[in-house]
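The file work_7.cif contains mmCIF, C-alpha atoms and all ligand atoms:
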```
data_final
#
loop_
_atom_site.label_atom_id
_atom_site.label_comp_id
_atom_site.auth_asym_id
_atom_site.auth_seq_id
_atom_site.Cartn_x
_atom_site.Cartn_y
_atom_site.Cartn_z
CA MET S 1 20.52 -13.34 1.05
CA ILE S 2 18.03 -13.69 -1.81
CA ILE S 3 18.59 -16.29 -4.48
CA GLN S 4 16.36 -16.04 -7.50
CA ILE S 5 15.80 -19.47 -8.92
CA ASP S 6 14.38 -20.78 -12.15
CA LYS S 7 10.62 -21.41 -11.94
CA ASN S 8 11.17 -24.80 -13.54
CA ILE S 9 14.11 -25.80 -11.41
CA ASP S 10 14.55 -29.53 -10.95
CA LEU S 11 13.60 -30.33 -7.35
CA ASN S 12 16.82 -32.28 -6.80
CA LYS S 13 18.84 -29.28 -7.91
CA GLN S 14 16.93 -27.07 -5.46
CA VAL S 15 17.60 -29.51 -2.64
CA GLU S 16 21.30 -29.45 -3.58
CA ILE S 17 21.40 -25.65 -3.31
CA VAL S 18 19.47 -25.62 -0.04
CA ASP S 19 21.75 -28.30 1.47
CA LYS S 20 24.86 -26.41 0.52
CA LEU S 21 23.58 -23.21 2.12
CA THR S 22 22.21 -24.95 5.20
CA ASN S 23 25.62 -26.52 5.74
CA LYS S 24 27.14 -23.07 5.62
CA GLY S 25 24.89 -21.91 8.48
CA PHE S 26 21.95 -20.33 6.64
CA LYS S 27 18.31 -20.96 7.36
CA ILE S 28 16.66 -21.24 3.96
CA THR S 29 13.01 -20.42 3.30
CA PRO S 30 11.70 -21.10 -0.20
CA VAL S 31 9.30 -18.44 -1.50
CA LYS S 32 7.10 -18.77 -4.54
CA THR S 33 5.31 -15.64 -5.71
CA GLN S 34 3.09 -14.97 -8.70
CA LYS S 35 6.18 -13.57 -10.42
CA GLY S 36 9.14 -15.64 -9.34
CA ASN S 37 10.79 -18.24 -7.14
CA TYR S 38 13.26 -17.37 -4.45
CA LEU S 39 15.31 -18.91 -1.69
CA ILE S 40 15.63 -16.58 1.28
CA GLY S 41 18.72 -17.07 3.39
CA THR S 42 18.68 -15.78 6.95
CA GLY S 43 20.95 -16.33 9.91
CA LYS S 44 24.62 -15.92 10.47
CA GLY S 45 25.90 -18.10 7.64
CA LYS S 46 28.88 -17.11 5.54
CA ILE S 47 29.58 -18.19 2.00
CA ASP S 48 31.71 -17.18 -0.92
CA LEU S 49 28.98 -16.56 -3.49
CA ARG S 50 31.28 -17.69 -6.29
CA THR S 51 31.04 -21.24 -4.97
CA ILE S 52 27.31 -21.43 -5.71
CA GLY S 53 26.94 -18.77 -8.41
CA ASN S 54 26.90 -21.18 -11.29
CA MET S 55 24.91 -24.00 -9.77
CA GLU S 56 22.14 -25.10 -12.11
CA GLY S 57 18.80 -23.33 -11.58
CA ILE S 58 20.18 -20.18 -9.97
CA LEU S 59 19.29 -17.01 -11.86
CA ASP S 60 20.80 -14.43 -9.53
CA ILE S 61 22.14 -14.03 -6.00
CA HIS S 62 21.92 -10.92 -3.86
CA LYS S 63 23.37 -10.17 -0.47
CA VAL S 64 20.71 -8.40 1.60
CA SER S 65 21.85 -7.40 5.05
CA ASP S 66 18.44 -5.98 6.08
CA ASP S 67 16.29 -8.20 8.29
CA TYR S 68 13.42 -7.93 5.84
CA LYS S 69 14.56 -9.22 2.46
CA LEU S 70 12.17 -9.23 -0.49
CA VAL S 71 10.88 -5.70 0.08
CA SER S 72 14.41 -4.37 0.49
CA LYS S 73 15.90 -2.09 -2.10
CA LYS S 74 19.21 -3.91 -1.74
CA TRP S 75 18.39 -6.60 -4.28
CA LYS S 76 15.87 -5.21 -6.71
CA VAL S 77 17.13 -2.94 -9.41
CA GLY S 78 14.53 -0.31 -10.19
CA ALA S 79 11.35 0.62 -8.42
CA THR S 80 8.17 -1.45 -8.37
CA ALA S 81 5.24 -0.21 -10.38
CA ILE S 82 1.76 -1.45 -9.54
CA ASP S 83 -0.32 -1.79 -12.66
CA LEU S 84 -4.06 -1.33 -12.13
CA GLY S 85 -4.89 -1.78 -15.82
CA ASP S 86 -6.24 0.73 -18.36
CA GLY S 87 -2.98 2.68 -18.20
CA ILE S 88 -3.40 3.44 -14.47
CA SER S 89 -0.49 2.68 -12.18
CA ILE S 90 1.11 3.48 -8.85
CA SER S 91 4.84 3.51 -9.27
CA GLY S 92 7.75 3.77 -6.89
CA GLY S 93 9.84 5.36 -9.60
CA GLY S 94 8.24 8.37 -11.20
CA GLY S 95 4.73 9.61 -11.79
CA PHE S 96 2.36 10.49 -9.01
CA ALA S 97 -0.83 8.69 -8.00
CA MET S 98 -3.79 10.56 -6.56
CA MET S 99 -6.50 8.65 -4.74
CA ALA S 100 -9.48 10.45 -3.29
CA GLY S 101 -12.95 9.80 -1.99
CA PRO S 102 -15.01 9.69 1.15
CA CYS S 103 -14.01 8.02 4.37
CA SER S 104 -17.13 5.82 4.08
CA ILE S 105 -19.26 4.85 1.12
CA GLU S 106 -22.72 6.08 2.14
CA THR S 107 -25.29 6.31 -0.65
CA GLU S 108 -25.65 5.92 -4.41
CA GLU S 109 -25.97 9.67 -4.77
CA GLN S 110 -22.77 10.23 -2.82
CA ILE S 111 -20.89 7.72 -4.99
CA ILE S 112 -22.10 9.35 -8.21
CA LYS S 113 -21.22 12.85 -7.02
CA THR S 114 -17.75 11.73 -5.95
CA ILE S 115 -17.12 9.94 -9.24
CA ASN S 116 -18.17 13.06 -11.15
CA HIS S 117 -15.84 15.18 -9.05
CA LEU S 118 -12.94 12.81 -9.68
CA LYS S 119 -13.62 12.61 -13.40
CA GLU S 120 -13.81 16.37 -13.73
CA ASN S 121 -10.34 16.52 -12.20
CA ASP S 122 -8.81 13.57 -14.02
CA ILE S 123 -8.43 11.42 -10.93
CA GLN S 124 -8.69 7.72 -11.68
CA ILE S 125 -8.60 6.01 -8.30
CA MET S 126 -11.40 6.37 -5.74
CA ARG S 127 -11.03 5.50 -2.08
CA GLY S 128 -13.85 4.70 0.32
CA GLY S 129 -14.64 2.24 3.07
CA VAL S 130 -17.47 -0.26 3.10
CA TYR S 131 -16.05 -2.09 6.10
CA LYS S 132 -15.12 0.55 8.63
CA PRO S 133 -12.93 -0.03 11.66
CA ARG S 134 -14.49 2.32 14.23
CA SER S 135 -13.29 3.03 17.74
CA SER S 136 -16.89 2.92 18.96
CA PRO S 137 -19.18 0.02 18.06
CA TYR S 138 -22.09 2.49 17.87
CA ALA S 139 -20.51 4.53 15.04
CA PHE S 140 -21.35 3.89 11.36
CA ARG S 141 -19.57 0.71 10.35
CA GLY S 142 -20.08 0.74 6.61
CA LEU S 143 -22.48 -0.55 3.95
CA GLY S 144 -20.65 -3.84 3.56
CA ILE S 145 -20.56 -5.96 0.43
CA ASP S 146 -23.81 -4.56 -1.01
CA GLY S 147 -22.35 -1.07 -0.85
CA LEU S 148 -19.21 -2.31 -2.58
CA LYS S 149 -21.19 -3.90 -5.41
CA LEU S 150 -23.18 -0.73 -5.97
CA TRP S 151 -19.97 1.33 -5.98
CA TYR S 152 -18.24 -1.11 -8.30
CA ASP S 153 -20.99 -0.91 -10.96
CA LEU S 154 -20.87 2.88 -10.95
CA ALA S 155 -17.06 3.09 -10.85
CA LYS S 156 -16.56 0.57 -13.62
CA GLU S 157 -18.88 2.44 -15.93
CA ALA S 158 -16.90 5.62 -15.24
CA GLY S 159 -13.46 3.98 -15.66
CA ILE S 160 -12.57 4.60 -12.02
CA LYS S 161 -10.51 2.14 -9.97
CA ILE S 162 -11.46 1.21 -6.41
CA ILE S 163 -9.29 1.05 -3.30
CA THR S 164 -11.09 -0.10 -0.17
CA GLU S 165 -10.31 -1.65 3.18
CA VAL S 166 -10.52 -5.37 3.86
CA MET S 167 -10.83 -6.05 7.58
CA GLN S 168 -10.74 -9.80 7.81
CA VAL S 169 -9.77 -12.93 5.93
CA SER S 170 -13.34 -13.98 5.15
CA GLN S 171 -13.93 -10.72 3.25
CA ILE S 172 -11.08 -11.20 0.78
CA GLU S 173 -12.94 -13.56 -1.49
CA GLU S 174 -16.33 -11.85 -1.39
CA MET S 175 -14.67 -8.53 -2.24
CA TYR S 176 -12.37 -9.91 -4.93
CA ASP S 177 -14.46 -9.16 -8.03
CA TYR S 178 -15.18 -5.59 -6.93
CA VAL S 179 -11.83 -4.14 -5.85
CA ASP S 180 -8.72 -2.97 -7.64
CA VAL S 181 -6.59 -2.47 -4.53
CA TYR S 182 -7.17 -4.03 -1.12
CA GLN S 183 -6.39 -1.64 1.72
CA VAL S 184 -5.06 -2.97 5.00
CA GLY S 185 -5.96 -0.46 7.69
CA ALA S 186 -3.73 0.85 10.44
CA ARG S 187 -5.47 -1.36 12.99
CA ASN S 188 -4.71 -4.46 10.93
CA THR S 189 -1.11 -3.83 9.87
CA GLN S 190 0.06 -6.67 12.07
CA ASN S 191 -2.85 -9.01 11.43
CA PHE S 192 -0.50 -11.62 10.06
CA ASN S 193 -3.24 -14.04 9.05
CA LEU S 194 -4.81 -11.33 6.91
CA LEU S 195 -1.44 -10.45 5.38
CA ASP S 196 -0.70 -14.11 4.60
CA GLU S 197 -4.05 -14.50 2.86
CA LEU S 198 -3.58 -11.29 0.86
CA GLY S 199 -0.33 -12.81 -0.31
CA LYS S 200 -2.38 -15.39 -2.16
CA VAL S 201 -4.48 -13.00 -4.24
CA ASP S 202 -3.44 -11.49 -7.53
CA LYS S 203 -4.62 -7.96 -6.74
CA PRO S 204 -2.51 -5.15 -5.25
CA VAL S 205 -2.48 -4.49 -1.54
CA MET S 206 -1.89 -1.14 0.16
CA ILE S 207 -0.67 -1.52 3.72
CA LYS S 208 -1.09 1.37 6.10
CA ARG S 209 1.42 1.96 8.84
CA GLY S 210 0.23 0.76 12.25
CA ILE S 211 -1.01 3.36 14.68
CA SER S 212 2.01 2.74 16.89
CA GLY S 213 4.05 0.91 14.30
CA THR S 214 7.66 1.54 13.43
CA ILE S 215 8.92 1.89 9.88
CA ASP S 216 10.59 -1.51 10.12
CA GLU S 217 7.37 -3.10 11.32
CA LEU S 218 5.59 -1.73 8.27
CA LEU S 219 8.29 -3.25 6.06
CA TYR S 220 7.90 -6.58 7.83
CA SER S 221 4.16 -6.48 7.19
CA ALA S 222 4.90 -5.97 3.51
CA GLU S 223 7.40 -8.85 3.68
CA TYR S 224 4.54 -11.10 4.88
CA VAL S 225 2.43 -10.31 1.81
CA PHE S 226 5.38 -10.60 -0.58
CA SER S 227 6.69 -13.88 0.84
CA ALA S 228 3.17 -15.32 0.77
CA GLY S 229 3.12 -14.74 -2.99
CA ASN S 230 1.94 -11.25 -3.83
CA GLU S 231 4.59 -8.75 -4.98
CA ASN S 232 2.11 -5.94 -5.70
CA ILE S 233 2.32 -3.90 -2.53
CA ILE S 234 2.00 -0.20 -1.77
CA LEU S 235 3.01 1.29 1.59
CA CYS S 236 1.10 4.14 3.20
CA GLU S 237 2.28 6.57 5.86
CA ARG S 238 -0.94 7.65 7.65
CA GLY S 239 0.36 9.16 10.84
CA ILE S 240 1.31 7.56 14.12
CA ARG S 241 0.18 8.07 17.68
CA THR S 242 2.50 10.28 19.66
CA TYR S 243 2.13 12.34 22.82
CA GLU S 244 0.83 15.22 20.68
CA ARG S 245 -2.87 15.97 21.11
CA ALA S 246 -3.20 19.06 18.91
CA SER S 247 -3.56 16.84 15.84
CA ARG S 248 -5.37 13.50 15.48
CA ASN S 249 -2.13 11.72 14.55
CA THR S 250 1.39 12.80 13.73
CA LEU S 251 2.03 12.38 10.02
CA ASP S 252 5.58 11.11 10.03
CA LEU S 253 7.06 12.84 7.00
CA ASN S 254 10.44 11.38 7.93
CA ALA S 255 9.09 7.96 7.08
CA ILE S 256 8.71 8.84 3.41
CA PRO S 257 12.37 9.41 2.44
CA ILE S 258 13.44 6.66 4.84
CA LEU S 259 11.04 4.14 3.29
CA LYS S 260 12.04 5.24 -0.20
CA GLU S 261 15.63 4.51 0.71
CA LYS S 262 14.85 1.11 2.21
CA THR S 263 12.34 -0.36 -0.23
CA HIS S 264 11.59 -0.62 -3.93
CA LEU S 265 7.83 -0.50 -3.20
CA PRO S 266 5.79 2.64 -3.86
CA VAL S 267 5.18 4.84 -0.82
CA VAL S 268 2.09 7.02 -0.52
CA ALA S 269 0.92 9.43 2.17
CA ASP S 270 -2.49 9.89 3.78
CA PRO S 271 -2.60 13.48 5.05
CA SER S 272 -6.28 13.20 6.04
CA HIS S 273 -5.70 10.66 8.80
CA GLY S 274 -2.16 11.96 9.20
CA ILE S 275 -3.18 15.30 10.69
CA GLY S 276 -6.95 14.86 11.02
CA ILE S 277 -7.68 18.58 10.59
CA ARG S 278 -9.46 19.64 7.43
CA GLN S 279 -7.81 23.03 6.95
CA HIS S 280 -4.32 21.53 7.16
CA VAL S 281 -4.77 18.52 4.90
CA ASP S 282 -3.59 20.38 1.80
CA THR S 283 -0.39 21.60 3.47
CA MET S 284 0.50 18.10 4.59
CA ALA S 285 -0.33 16.63 1.17
CA LEU S 286 2.06 19.06 -0.50
CA ALA S 287 4.70 18.45 2.16
CA SER S 288 4.39 14.71 1.51
CA ILE S 289 5.07 15.29 -2.16
CA MET S 290 8.23 17.23 -1.39
CA ALA S 291 9.24 14.46 1.02
CA GLY S 292 9.20 12.10 -1.95
CA ALA S 293 5.80 10.37 -1.81
CA ASP S 294 4.77 8.40 -4.89
CA GLY S 295 1.16 9.29 -4.29
CA VAL S 296 -1.40 10.74 -1.94
CA ILE S 297 -4.67 9.30 -0.67
CA TYR S 298 -7.11 11.73 0.95
CA GLU S 299 -10.73 12.13 1.95
CA THR S 300 -13.25 14.24 0.09
CA HIS S 301 -17.05 14.55 0.29
CA GLU S 302 -19.60 16.94 -1.20
CA THR S 303 -20.67 18.03 2.29
CA PRO S 304 -18.01 17.01 4.83
CA GLU S 305 -20.09 18.23 7.75
CA LYS S 306 -22.70 15.60 6.84
CA ALA S 307 -20.22 12.76 6.26
CA TYR S 308 -20.95 9.56 8.20
CA SER S 309 -17.33 9.40 9.34
CA ASP S 310 -14.19 11.55 9.49
CA GLY S 311 -15.91 14.74 8.29
CA GLN S 312 -13.51 16.82 10.41
CA GLN S 313 -10.62 15.83 8.13
CA THR S 314 -12.54 15.69 4.84
CA LEU S 315 -12.21 18.28 2.07
CA ASP S 316 -15.26 19.50 0.18
CA PHE S 317 -15.10 19.25 -3.61
CA SER S 318 -13.91 22.79 -4.14
CA GLU S 319 -11.09 22.35 -1.59
CA SER S 320 -10.28 19.03 -3.20
CA GLU S 321 -10.10 20.62 -6.64
CA GLN S 322 -7.76 23.29 -5.34
CA LEU S 323 -5.58 20.63 -3.77
CA ILE S 324 -5.39 18.59 -6.97
CA LYS S 325 -4.18 21.66 -8.86
CA LYS S 326 -1.61 22.44 -6.18
CA MET S 327 -0.42 18.83 -6.09
CA ARG S 328 0.18 18.83 -9.84
CA LYS S 329 2.24 22.00 -9.54
CA THR S 330 4.16 20.62 -6.58
CA VAL S 331 4.98 17.38 -8.38
CA ALA S 332 6.29 19.41 -11.34
CA LEU S 333 8.41 21.51 -8.96
CA ARG S 334 9.73 18.41 -7.23
CA ASP S 335 10.70 16.90 -10.55
CA GLU S 336 12.44 20.11 -11.54
CA LEU S 337 14.37 20.26 -8.28
CA ALA S 338 14.89 16.47 -8.26
CA VAL S 339 14.12 16.46 -4.54
CA GLY S 340 14.01 13.03 -2.98
CA LYS S 341 15.79 11.33 -5.88
CA LEU S 342 17.96 8.67 -4.33
C1 LIG D 401 -9.49 5.03 6.35
O1 LIG D 401 -8.71 5.02 5.38
O2 LIG D 401 -10.62 5.56 6.34
C2 LIG D 401 -8.99 4.45 7.61
C3 LIG D 401 -9.82 3.90 8.50
O3 LIG D 401 -7.67 4.56 7.75
P1 LIG D 401 -6.66 4.06 8.89
O4 LIG D 401 -6.67 2.56 8.82
O5 LIG D 401 -5.35 4.65 8.46
O6 LIG D 401 -7.14 4.61 10.19
MN MN D 402 -11.31 7.83 7.44
#
```

Turn the structure described in the file into structure tokens.
Amino acid sequence: MIIQIDKNIDLNKQVEIVDKLTNKGFKITPVKTQKGNYLIGTGKGKIDLRTIGNMEGILDIHKVSDDYKLVSKKWKVGATAIDLGDGISISGGGGFAMMAGPCSIETEEQIIKTINHLKENDIQIMRGGVYKPRSSPYAFRGLGIDGLKLWYDLAKEAGIKIITEVMQVSQIEEMYDYVDVYQVGARNTQNFNLLDELGKVDKPVMIKRGISGTIDELLYSAEYVFSAGNENIILCERGIRTYERASRNTLDLNAIPILKEKTHLPVVADPSHGIGIRQHVDTMALASIMAGADGVIYETHETPEKAYSDGQQTLDFSESEQLIKKMRKTVALRDELAVGKL
């Protein structure tokens, strides 16, 4: 159960509501986000909602049978749209967001070339890692905060928004002024301390699905961020580890319509990490669109073979341009067919 309560509710009135529900067998957790105040009821309690419906301070009551609550579609009418400012948004209900850029931010020249490529193709959100989670400690691990600052100056001047991975709690604050969307990587999806802390910031968070994570676990991760205060969350299907070895990961296209049915949050796909094979990234991007994705995030680099990381799954700029054109056509076709409209 989710009870939306008045932000200025008298504390005594809140205690009265909580007592009533506790007596009926609910465990009540108060949640205060940047947008609203809620009481989350869990457990096996039963109550006739009419008996509390008009208690002072209650704005609305919703029965939510899912184990996760605030990210569930069962209570929130309409999809969530994440506003990045300057007319740029990532919405769970219409429109399509394209995010592209290198796996790693490498040099000033590389940043400028990527920004020019994005601008030429009307793409407004650039991805790139400055803190890189690498399987081997000897691999390139990113330029760190100095790389982010350099990128930020160039991106801001060009009107480009930045999405980049935050790997640990201590980085949240130092990155704050230079990011538009914090990315939580697949290896950190269940880093609950990180999720809690990202709940306290007023910038959007994109959470990638864990390498071996279930769909429900991804939703729980989002519930952490939401219940810690931040409602601006995007979910990303980036492929899971299966027994299959012919591709780097298995992009779980099933997850897209299933997530869209379960949550009001926007759902995007990452076909680069999802399949890990350059020549098949475009196919999987288009398939993700038809599966109902609200956006796609993929890797591009002027010379993928020279990229510091993930070159094998990175499109060059001409492949990227082709993909952008095909994605626009596919989104138009999807809209015409109304595929994935729930
Ligand atoms: C990335 O986006 O470059 C990345 C490391 O992704 P993931 O966390 O999905 O592996
Ligand atoms: Mn990568």

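Here the question is which of S:Ala293, S:Ile125, S:Ala186, S:Leu323 gets nearest to Ser212 in chain S using all atoms listed in the file, and that residue is S:Ala186.
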
Centre and edge lengths, as AutoDock Vina command-line options, for the axis-aligned box enclosing every listed atom of ligand LIG 401 (chain D) with 5 Å of padding on each of the six sides, in Å to one decimal?
```
--center_x -8.0 --center_y 4.1 --center_z 7.8 --size_x 15.3 --size_y 13.0 --size_z 14.8
```

- prompt: What lies within 10 Å of Lys200 in chain S using only C-alpha atoms, ignoring chain neighbours under 2 positions off, as a PyMOL selection string?
  reply: chain S and resi 33-34+195-198+202-203+225-230

message: If I take CA of Ile145 in chain S and CA of Val130 in chain S, how far is one from the other in Å, to one decimal?
response: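 Between CA of Ile145 in chain S and CA of Val130 in chain S the gap is 7.0 Å.
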
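Closest approach to Val71 in chain S among S:Glu16, S:Glu223, S:Asp335, S:Glu237 is made by S:Glu223 (distances from only C-alpha atoms).
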
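Residues in contact with ligand MN 402 (chain D) comprise S:Pro102, S:Cys103, S:Ser104, S:Gly129, S:Ser272, S:His273, S:Glu299, S:Ser309, S:Asp310, where contact means an atom-to-atom distance of at most 8 Å counting only C-alpha atoms and all ligand atoms.
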
Produce a file of the selected residues containing C-alpha atoms, as a compact mmCIF listing (two decimals), keeping the file's coordinate frame.
```
# COMPACT_ATOMS: atom_id res chain seq x y z
CA PRO S 102 -15.01 9.69 1.15
CA CYS S 103 -14.01 8.02 4.37
CA SER S 104 -17.13 5.82 4.08
CA GLY S 129 -14.64 2.24 3.07
CA SER S 272 -6.28 13.20 6.04
CA HIS S 273 -5.70 10.66 8.80
CA GLU S 299 -10.73 12.13 1.95
CA SER S 309 -17.33 9.40 9.34
CA ASP S 310 -14.19 11.55 9.49
```

Around ligand LIG 401 (chain D), at most 6 Å away and counting only C-alpha atoms and all ligand atoms, which residues are there? Put them as a tab-separated table (two decimals) with C-alpha atoms, in the frame of the given file, please.
```tsv
chain	number	residue	atom	x	y	z
S	103	CYS	CA	-14.01	8.02	4.37
S	133	PRO	CA	-12.93	-0.03	11.66
S	185	GLY	CA	-5.96	-0.46	7.69
S	186	ALA	CA	-3.73	0.85	10.44
S	187	ARG	CA	-5.47	-1.36	12.99
S	208	LYS	CA	-1.09	1.37	6.10
S	238	ARG	CA	-0.94	7.65	7.65
```

query: Leaving out range 277-281 of chain S and any residue of its chain fewer than 5 positions from it, which residues lie within 12 Å of it when counting only C-alpha atoms, given as number ranges by chain?
result: S: 238, 245-251, 269-272, 286-288, 296-301, 304-305, 310-316, 319-320, 322-324, 327

Using all atoms listed in the file: which of S:Val169, S:Leu333, S:Leu265, S:Leu143 has the shortest distance to Gly93 in chain S: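 Of all the options, S:Leu265 lies closest to Gly93 in chain S.
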
field: Point-to-point distance from CA of Asn12 in chain S to CA of Tyr224 in chain S, Å rounded to tenths
entry: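 Distance between the two atoms: 27.1 Å.
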
Completion of range 101-115 of chain S up to N, CA, C and O atoms, as an mmCIF file, in the frame of the given file:
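Result file follows (result25.cif):
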```
data_model
loop_
_atom_site.group_PDB
_atom_site.id
_atom_site.type_symbol
_atom_site.label_atom_id
_atom_site.label_comp_id
_atom_site.auth_asym_id
_atom_site.auth_seq_id
_atom_site.Cartn_x
_atom_site.Cartn_y
_atom_site.Cartn_z
ATOM 1 N N GLY S 101 -11.579 10.274 -2.170
ATOM 2 C CA GLY S 101 -12.950 9.800 -1.990
ATOM 3 C C GLY S 101 -13.323 9.921 -0.537
ATOM 4 O O GLY S 101 -12.534 10.371 0.285
ATOM 5 N N PRO S 102 -14.541 9.522 -0.221
ATOM 6 C CA PRO S 102 -15.010 9.690 1.150
ATOM 7 C C PRO S 102 -14.346 8.704 2.103
ATOM 8 O O PRO S 102 -13.779 7.707 1.672
ATOM 9 N N CYS S 103 -14.459 8.997 3.388
ATOM 10 C CA CYS S 103 -14.010 8.020 4.370
ATOM 11 C C CYS S 103 -14.866 6.764 4.190
ATOM 12 O O CYS S 103 -14.354 5.681 3.968
ATOM 13 N N SER S 104 -16.207 6.957 4.231
ATOM 14 C CA SER S 104 -17.130 5.820 4.080
ATOM 15 C C SER S 104 -17.985 5.985 2.822
ATOM 16 O O SER S 104 -18.419 7.098 2.505
ATOM 17 N N ILE S 105 -18.241 4.871 2.177
ATOM 18 C CA ILE S 105 -19.260 4.850 1.120
ATOM 19 C C ILE S 105 -20.619 4.894 1.822
ATOM 20 O O ILE S 105 -20.873 4.103 2.739
ATOM 21 N N GLU S 106 -21.473 5.847 1.390
ATOM 22 C CA GLU S 106 -22.720 6.080 2.140
ATOM 23 C C GLU S 106 -23.977 5.790 1.317
ATOM 24 O O GLU S 106 -24.839 5.030 1.750
ATOM 25 N N THR S 107 -24.070 6.441 0.158
ATOM 26 C CA THR S 107 -25.290 6.310 -0.650
ATOM 27 C C THR S 107 -24.917 6.310 -2.137
ATOM 28 O O THR S 107 -23.815 6.720 -2.519
ATOM 29 N N GLU S 108 -25.876 5.903 -2.969
ATOM 30 C CA GLU S 108 -25.650 5.920 -4.410
ATOM 31 C C GLU S 108 -25.365 7.344 -4.894
ATOM 32 O O GLU S 108 -24.456 7.583 -5.680
ATOM 33 N N GLU S 109 -26.138 8.275 -4.373
ATOM 34 C CA GLU S 109 -25.970 9.670 -4.770
ATOM 35 C C GLU S 109 -24.553 10.164 -4.426
ATOM 36 O O GLU S 109 -23.897 10.834 -5.216
ATOM 37 N N GLN S 110 -24.112 9.809 -3.248
ATOM 38 C CA GLN S 110 -22.770 10.230 -2.820
ATOM 39 C C GLN S 110 -21.694 9.632 -3.735
ATOM 40 O O GLN S 110 -20.735 10.304 -4.121
ATOM 41 N N ILE S 111 -21.878 8.374 -4.113
ATOM 42 C CA ILE S 111 -20.890 7.720 -4.990
ATOM 43 C C ILE S 111 -20.853 8.447 -6.333
ATOM 44 O O ILE S 111 -19.776 8.786 -6.846
ATOM 45 N N ILE S 112 -22.038 8.715 -6.884
ATOM 46 C CA ILE S 112 -22.100 9.350 -8.210
ATOM 47 C C ILE S 112 -21.461 10.744 -8.161
ATOM 48 O O ILE S 112 -20.657 11.111 -9.025
ATOM 49 N N LYS S 113 -21.783 11.488 -7.127
ATOM 50 C CA LYS S 113 -21.220 12.850 -7.020
ATOM 51 C C LYS S 113 -19.702 12.801 -6.887
ATOM 52 O O LYS S 113 -18.987 13.619 -7.455
ATOM 53 N N THR S 114 -19.218 11.835 -6.124
ATOM 54 C CA THR S 114 -17.750 11.730 -5.950
ATOM 55 C C THR S 114 -17.094 11.334 -7.272
ATOM 56 O O THR S 114 -16.070 11.912 -7.663
ATOM 57 N N ILE S 115 -17.690 10.368 -7.950
ATOM 58 C CA ILE S 115 -17.120 9.940 -9.240
ATOM 59 C C ILE S 115 -17.080 11.123 -10.210
ATOM 60 O O ILE S 115 -16.068 11.356 -10.882
#
```
